[in-house]
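What follows is a set of notes on a single structure, which appears directly below.
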Amino acid sequence: MKVFNTLSRQKEEFVPLQEGKVSMYVCGPTVYNLIHIGNARPMIVFDTARRYMEHKGYAVNYVSNFTDVDDKIIKKANEEGVDPSVISERYIAECRKDMKALNVKEATTHPKATEEIDGMIEMIQTLIDKGHAYVAEDGTVYYKTRSFKEYGKLSHKNLDDLRSGGRALLVSGEDQKQDPLDFVLWKPKKEGEPYWESPWCEGRPGWHIECSVMSKKYLGEEIDIHAGGEDLIFPHHENEIAQSEAANGKEFAKYWLHNGFLNIDNKKMSKSAGNFFTIRDISEKYDLQVLRFFMLSAHYRSPLNFSADLMEAAKNGLDRIVTSVSNLNFLMEKAADVPMTGEEQQLFKEAETYITKFDEAMDDDFNTADAVSAIFELVKFANTNVNEQSGKAFIQAVKDEIVMLSDICGLIVEKKADILDAQVEALIQERQEARKAKNFARADEIRDTLAAQGIILEDTREGVKWKRA
Ligand code: AMP
Ligand code: ZN
């Protein structure tokens, strides 16, 4: 499998630090409002990357944070006259609902910045002790950017050409910086702001330090993949590297993956320009599976344009797959319960070439656009070659392929009513066997597939029981 690494600006062969395991950190949203469709892009594309790696047999430890201390959260809390945690908890809950509706898998760990302050203080102290940070008169702690010789290696910027900017540079104490390139690690409290005790002053952390600390705590000092939107390359990820590598003395992340931006009608998303949609807005008009499908129809690194026409096209595309699966289920109910004939076996070989195509596309830096094309070819194959004369085993095998490939993309293409009791029983049986064989990845995959169909499993002393949600 090859992935495009922003560090080297090249596609590289993916070799995990530990065989069979992948540690992955994806920068999550700042929770001060409902998330917008731009925020959904990294969630969907990196969730799909995760699903594909799990399908390949990797155990993926997936961490994604919620930034729950931030100027925008505090502003909103003050406007509403409530504690900032009321705002952040409200929008974390809403964000989780959106992620569920987009069929984004729950992260292995979903840490919140405000619960990790001790770790942040510890790492900041290490940076001070190692001469990479200093305390200004008012208690602000700054990272000494020039002390990290490799600064700029991710964004391919030269230290001397750099201009300070972006949201890294928090206002308080800015004039106490030794160098305009230095950025805030800790800043003193202001009236009406949440704060924590620290050795330097009562205050709160800068934004970048949270990801360095949460990544280390939940995944270790060296991780395989760090990902996020391309706007995070500089300064956020550049600063994370400076913090983590200076503090830990190790390479922080091996592969840096960044998704391209989502624009609306070829313009940057902007509230004031009126071209801004939350996930909730879209859900009023479409099943959110359509939004997921739309996002996967482009390569994750390409810019992606959102428009009403393109969403309609995505809806039609997804419908084609759903209809095909539904037809196959219909045919299967009437089909003769016989093994594949020689002719069907021969035909099925063609179907299998689409799995290879799908895998090759995904192995090439998660090219979901080509992977989706492979699913379409398979659907076309099914529509052409499966009919009333086909045997059950053949129909089932073709359908399983479509559902499996769609499932790797996180697309639910089998309607709840379509899944028959016998299929549920068969999947439960397969899950039991997978567990016995210690193939927990497959067992979990089956549980997720069933959950996506609204089937709830309960492990009891008498065996596995199930019910429809
Ligand atoms: P934020 O809450 O702004 O930190 O964003 C959360 C995630 O969404 C980050 O990975 C951003 O890079 C990403 N993101 C924000 N806006 C867009 C957009 N228009 N297109 C793609 N990704 C975006
Ligand atoms: Zn981050």
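By order in the structure tokens, chains are A, B, ...; within a chain, residues start at 1; ligands start at 1, following the order shown.
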Subject >> Contacts to ligand 2 at 7 Å cut-off (only C-alpha atoms and all ligand atoms) as a ChimeraX atom specification >> reply: /A:27-28,208,211,236-237
I need the chosen residues saved as a JSON list (two decimals), in the first residue's frame, with C-alpha atoms.
[["chain", "number", "residue", "atom", "x", "y", "z"],
["A", 27, "CYS", "CA", -7.12, 16.28, 14.33],
["A", 28, "GLY", "CA", -10.74, 16.73, 15.29],
["A", 208, "HIS", "CA", -1.07, 23.07, 19.22],
["A", 211, "CYS", "CA", -2.50, 17.21, 19.88],
["A", 236, "HIS", "CA", -0.67, 23.53, 13.41],
["A", 237, "HIS", "CA", 1.11, 20.37, 12.30]]
Original post:
Please, which residues have at least one atom within 7 Å of an atom of ligand 1, using only C-alpha atoms and all ligand atoms, listed as a ChimeraX atom specification?
Top reply: /A:27-31,38-42,228-232,259-263,269
**OP:** Find the distance between atom CA of Asn385 of chain A and atom CA of Leu405 of chain A and write it in Å to one decimal.
**Re:** 18.7 Å
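Excluding Gln243 of chain A itself and same-chain residues fewer than 2 positions from it, the residues having an atom within 9 Å of it are A:Met123, A:Ile124, A:Leu127, A:His132, A:Tyr143, A:Phe148, A:His208, A:Ile209, A:Ser212, A:Glu238, A:Asn239, A:Glu240, A:Ile241, A:Glu245, A:Ala246, A:Ala247, A:Asn248, counting only C-alpha atoms.
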Keeping N, CA and C atoms, export the residues of the selection given above as a PDB file, in the first residue's frame.
ATOM      1  N   MET A 123       4.462  18.416  29.349  1.00  0.00           N
ATOM      2  CA  MET A 123       5.258  18.546  28.122  1.00  0.00           C
ATOM      3  C   MET A 123       5.836  19.963  27.982  1.00  0.00           C
ATOM      4  N   ILE A 124       5.066  20.957  28.384  1.00  0.00           N
ATOM      5  CA  ILE A 124       5.567  22.336  28.311  1.00  0.00           C
ATOM      6  C   ILE A 124       6.796  22.478  29.227  1.00  0.00           C
ATOM      7  N   LEU A 127       9.772  21.058  27.626  1.00  0.00           N
ATOM      8  CA  LEU A 127      10.291  21.947  26.583  1.00  0.00           C
ATOM      9  C   LEU A 127      11.083  23.107  27.195  1.00  0.00           C
ATOM     10  N   HIS A 132      13.755  24.689  24.793  1.00  0.00           N
ATOM     11  CA  HIS A 132      12.938  24.947  23.599  1.00  0.00           C
ATOM     12  C   HIS A 132      11.777  25.895  23.879  1.00  0.00           C
ATOM     13  N   TYR A 143       7.021  28.837  22.669  1.00  0.00           N
ATOM     14  CA  TYR A 143       7.957  27.888  22.043  1.00  0.00           C
ATOM     15  C   TYR A 143       8.971  28.721  21.266  1.00  0.00           C
ATOM     16  N   PHE A 148      14.367  24.785  17.162  1.00  0.00           N
ATOM     17  CA  PHE A 148      14.107  23.490  16.525  1.00  0.00           C
ATOM     18  C   PHE A 148      14.573  23.584  15.078  1.00  0.00           C
ATOM     19  N   HIS A 208      -1.877  24.157  19.799  1.00  0.00           N
ATOM     20  CA  HIS A 208      -1.067  23.071  19.218  1.00  0.00           C
ATOM     21  C   HIS A 208      -0.660  21.990  20.210  1.00  0.00           C
ATOM     22  N   ILE A 209      -0.428  22.413  21.468  1.00  0.00           N
ATOM     23  CA  ILE A 209       0.135  21.462  22.429  1.00  0.00           C
ATOM     24  C   ILE A 209      -0.817  20.295  22.699  1.00  0.00           C
ATOM     25  N   SER A 212      -0.110  17.223  20.406  1.00  0.00           N
ATOM     26  CA  SER A 212       1.158  16.562  20.739  1.00  0.00           C
ATOM     27  C   SER A 212       0.978  15.672  21.967  1.00  0.00           C
ATOM     28  N   GLU A 238       3.032  21.723  11.777  1.00  0.00           N
ATOM     29  CA  GLU A 238       4.455  22.096  11.877  1.00  0.00           C
ATOM     30  C   GLU A 238       4.809  22.325  13.356  1.00  0.00           C
ATOM     31  N   ASN A 239       3.912  22.980  14.069  1.00  0.00           N
ATOM     32  CA  ASN A 239       4.161  23.260  15.484  1.00  0.00           C
ATOM     33  C   ASN A 239       4.070  21.991  16.333  1.00  0.00           C
ATOM     34  N   GLU A 240       3.154  21.111  15.961  1.00  0.00           N
ATOM     35  CA  GLU A 240       3.060  19.831  16.688  1.00  0.00           C
ATOM     36  C   GLU A 240       4.375  19.068  16.573  1.00  0.00           C
ATOM     37  N   ILE A 241       4.946  19.062  15.356  1.00  0.00           N
ATOM     38  CA  ILE A 241       6.220  18.355  15.149  1.00  0.00           C
ATOM     39  C   ILE A 241       7.301  18.990  16.022  1.00  0.00           C
ATOM     40  N   GLU A 245       8.793  16.497  18.762  1.00  0.00           N
ATOM     41  CA  GLU A 245      10.140  15.980  18.491  1.00  0.00           C
ATOM     42  C   GLU A 245      11.168  16.604  19.431  1.00  0.00           C
ATOM     43  N   ALA A 246      10.968  17.872  19.799  1.00  0.00           N
ATOM     44  CA  ALA A 246      11.901  18.499  20.748  1.00  0.00           C
ATOM     45  C   ALA A 246      11.720  17.885  22.136  1.00  0.00           C
ATOM     46  N   ALA A 247      10.489  17.606  22.520  1.00  0.00           N
ATOM     47  CA  ALA A 247      10.233  17.058  23.863  1.00  0.00           C
ATOM     48  C   ALA A 247      10.636  15.589  23.965  1.00  0.00           C
ATOM     49  N   ASN A 248      10.303  14.798  22.920  1.00  0.00           N
ATOM     50  CA  ASN A 248      10.500  13.340  23.018  1.00  0.00           C
ATOM     51  C   ASN A 248      11.823  12.861  22.421  1.00  0.00           C
TER      52      ASN A 248
END
Subject >> Distance in Å - atom CA of Lys467 of chain A versus atom CA of Val424 of chain A >> reply: 9.8 Å
**OP:** Skip segment 194-200 of chain A itself and residues of its chain fewer than 6 positions away, then list as a VMD selection string all residues within 10 Å of it, counting only C-alpha atoms.
**Re:** chain A and resid 69 to 70 74 83 to 85 114 117 to 118 121 to 122 125 135 to 141 186 to 188
Hey, can you spit out that residue selection with N, CA and C atoms as an mmCIF file, in the first residue's frame?
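result.cif, freshly written:
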data_model
loop_
_atom_site.group_PDB
_atom_site.id
_atom_site.type_symbol
_atom_site.label_atom_id
_atom_site.label_comp_id
_atom_site.auth_asym_id
_atom_site.auth_seq_id
_atom_site.Cartn_x
_atom_site.Cartn_y
_atom_site.Cartn_z
ATOM 1 N N VAL A 69 -11.413 23.725 24.330
ATOM 2 C CA VAL A 69 -11.081 25.014 24.933
ATOM 3 C C VAL A 69 -10.511 25.875 23.816
ATOM 4 N N ASP A 70 -11.144 27.010 23.588
ATOM 5 C CA ASP A 70 -10.822 27.808 22.406
ATOM 6 C C ASP A 70 -11.537 29.153 22.515
ATOM 7 N N ILE A 74 -15.349 30.111 24.101
ATOM 8 C CA ILE A 74 -15.485 31.050 25.222
ATOM 9 C C ILE A 74 -16.410 32.212 24.825
ATOM 10 N N ASP A 83 -21.379 28.382 31.174
ATOM 11 C CA ASP A 83 -20.005 27.917 31.279
ATOM 12 C C ASP A 83 -19.558 27.372 29.914
ATOM 13 N N PRO A 84 -18.271 27.576 29.528
ATOM 14 C CA PRO A 84 -17.813 27.059 28.220
ATOM 15 C C PRO A 84 -18.058 25.559 28.035
ATOM 16 N N SER A 85 -18.035 24.811 29.164
ATOM 17 C CA SER A 85 -18.240 23.363 29.031
ATOM 18 C C SER A 85 -19.669 23.045 28.555
ATOM 19 N N THR A 114 -9.658 19.584 27.452
ATOM 20 C CA THR A 114 -9.754 20.028 28.853
ATOM 21 C C THR A 114 -9.475 18.907 29.857
ATOM 22 N N ILE A 117 -5.054 18.465 30.560
ATOM 23 C CA ILE A 117 -4.232 19.638 30.890
ATOM 24 C C ILE A 117 -2.938 19.221 31.617
ATOM 25 N N ASP A 118 -3.007 18.229 32.507
ATOM 26 C CA ASP A 118 -1.804 17.818 33.247
ATOM 27 C C ASP A 118 -0.697 17.387 32.296
ATOM 28 N N ILE A 121 0.856 20.442 30.683
ATOM 29 C CA ILE A 121 1.776 21.162 31.578
ATOM 30 C C ILE A 121 3.114 20.411 31.646
ATOM 31 N N GLU A 122 3.016 19.098 31.708
ATOM 32 C CA GLU A 122 4.232 18.283 31.782
ATOM 33 C C GLU A 122 5.103 18.463 30.526
ATOM 34 N N GLN A 125 6.693 21.878 30.433
ATOM 35 C CA GLN A 125 7.835 21.948 31.368
ATOM 36 C C GLN A 125 9.059 21.280 30.744
ATOM 37 N N VAL A 135 9.524 31.413 29.497
ATOM 38 C CA VAL A 135 8.372 32.041 30.172
ATOM 39 C C VAL A 135 8.546 33.552 30.108
ATOM 40 N N ALA A 136 7.548 34.246 29.568
ATOM 41 C CA ALA A 136 7.605 35.713 29.517
ATOM 42 C C ALA A 136 7.171 36.279 30.868
ATOM 43 N N GLU A 137 7.358 37.581 31.032
ATOM 44 C CA GLU A 137 7.081 38.229 32.318
ATOM 45 C C GLU A 137 5.654 37.995 32.830
ATOM 46 N N ASP A 138 4.703 38.008 31.923
ATOM 47 C CA ASP A 138 3.304 37.854 32.354
ATOM 48 C C ASP A 138 2.885 36.388 32.543
ATOM 49 N N GLY A 139 3.852 35.473 32.395
ATOM 50 C CA GLY A 139 3.538 34.065 32.608
ATOM 51 C C GLY A 139 3.221 33.310 31.330
ATOM 52 N N THR A 140 3.174 33.993 30.190
ATOM 53 C CA THR A 140 2.953 33.288 28.919
ATOM 54 C C THR A 140 4.184 32.411 28.644
ATOM 55 N N VAL A 141 3.928 31.194 28.185
ATOM 56 C CA VAL A 141 5.060 30.343 27.787
ATOM 57 C C VAL A 141 5.075 30.269 26.264
ATOM 58 N N TRP A 186 1.351 28.244 26.506
ATOM 59 C CA TRP A 186 0.475 28.472 27.674
ATOM 60 C C TRP A 186 0.262 29.966 27.797
ATOM 61 N N LYS A 187 -0.965 30.387 28.111
ATOM 62 C CA LYS A 187 -1.200 31.832 28.229
ATOM 63 C C LYS A 187 -2.030 32.177 29.455
ATOM 64 N N PRO A 188 -1.770 33.349 30.027
ATOM 65 C CA PRO A 188 -2.468 33.715 31.258
ATOM 66 C C PRO A 188 -3.963 33.886 31.051
#
**OP:** Name the residues of segment 223-395 of chain A that fall into strand (DSSP E or B) according to DSSP on the backbone, using the chain letters and numbers of this document, as a ChimeraX atom specification.
**Re:** /A:223-229,253-259,262-264,267,270,275,278,304-306,364
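When only C-alpha atoms are used to measure the gap to His36 of chain A, the shortest distance among A:Cys201, A:Val3, A:Ile264, A:Met362 belongs to A:Ile264.
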**OP:** Write out as a ChimeraX atom specification the residues lying within 9 Å of Thr6 of chain A, counting only C-alpha atoms and excluding same-chain residues fewer than 2 positions away.
**Re:** /A:4,8-11,154-155,233,255-258
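You will find atom CA of Lys177 of chain A at 13.9 Å from atom CA of Ser147 of chain A.
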**OP:** Excluding Arg320 of chain A and any residue of its chain fewer than 5 positions from it, enumerate the residues within 9 Å of it, using only C-alpha atoms, and give them as an MDAnalysis selection string.
**Re:** chainID A and resid 315 325 376 379
Original post:
What lies within 6 Å of segment 61-64 of chain A using only C-alpha atoms, ignoring chain neighbours under 6 positions off, as an MDAnalysis selection string?
Top reply: chainID A and resid 23:28 107:110
Original post:
Could you pull out all residues of segment 302-435 of chain A with a DSSP call of helix (DSSP H, G or I) and give them as a PyMOL selection string?
Top reply: chain A and resi 308-334+342-363+368-385+392-408+416-418+421-435
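Among A:Lys153, A:Gly81, A:Gly454, A:Thr384, the residue with the shortest atom-to-atom distance to Lys415 of chain A, counting only C-alpha atoms, is A:Gly454.
Distance check against Asp182 of chain A using only C-alpha atoms: of A:Thr368, A:Thr145, A:Asn266, A:Asn33, the minimum falls on A:Thr145.
Ranking A:Lys285, A:Lys112, A:Arg301, A:Lys271 by their shortest atom-to-atom distance to Phe66 of chain A, with only C-alpha atoms included, puts A:Lys112 first.
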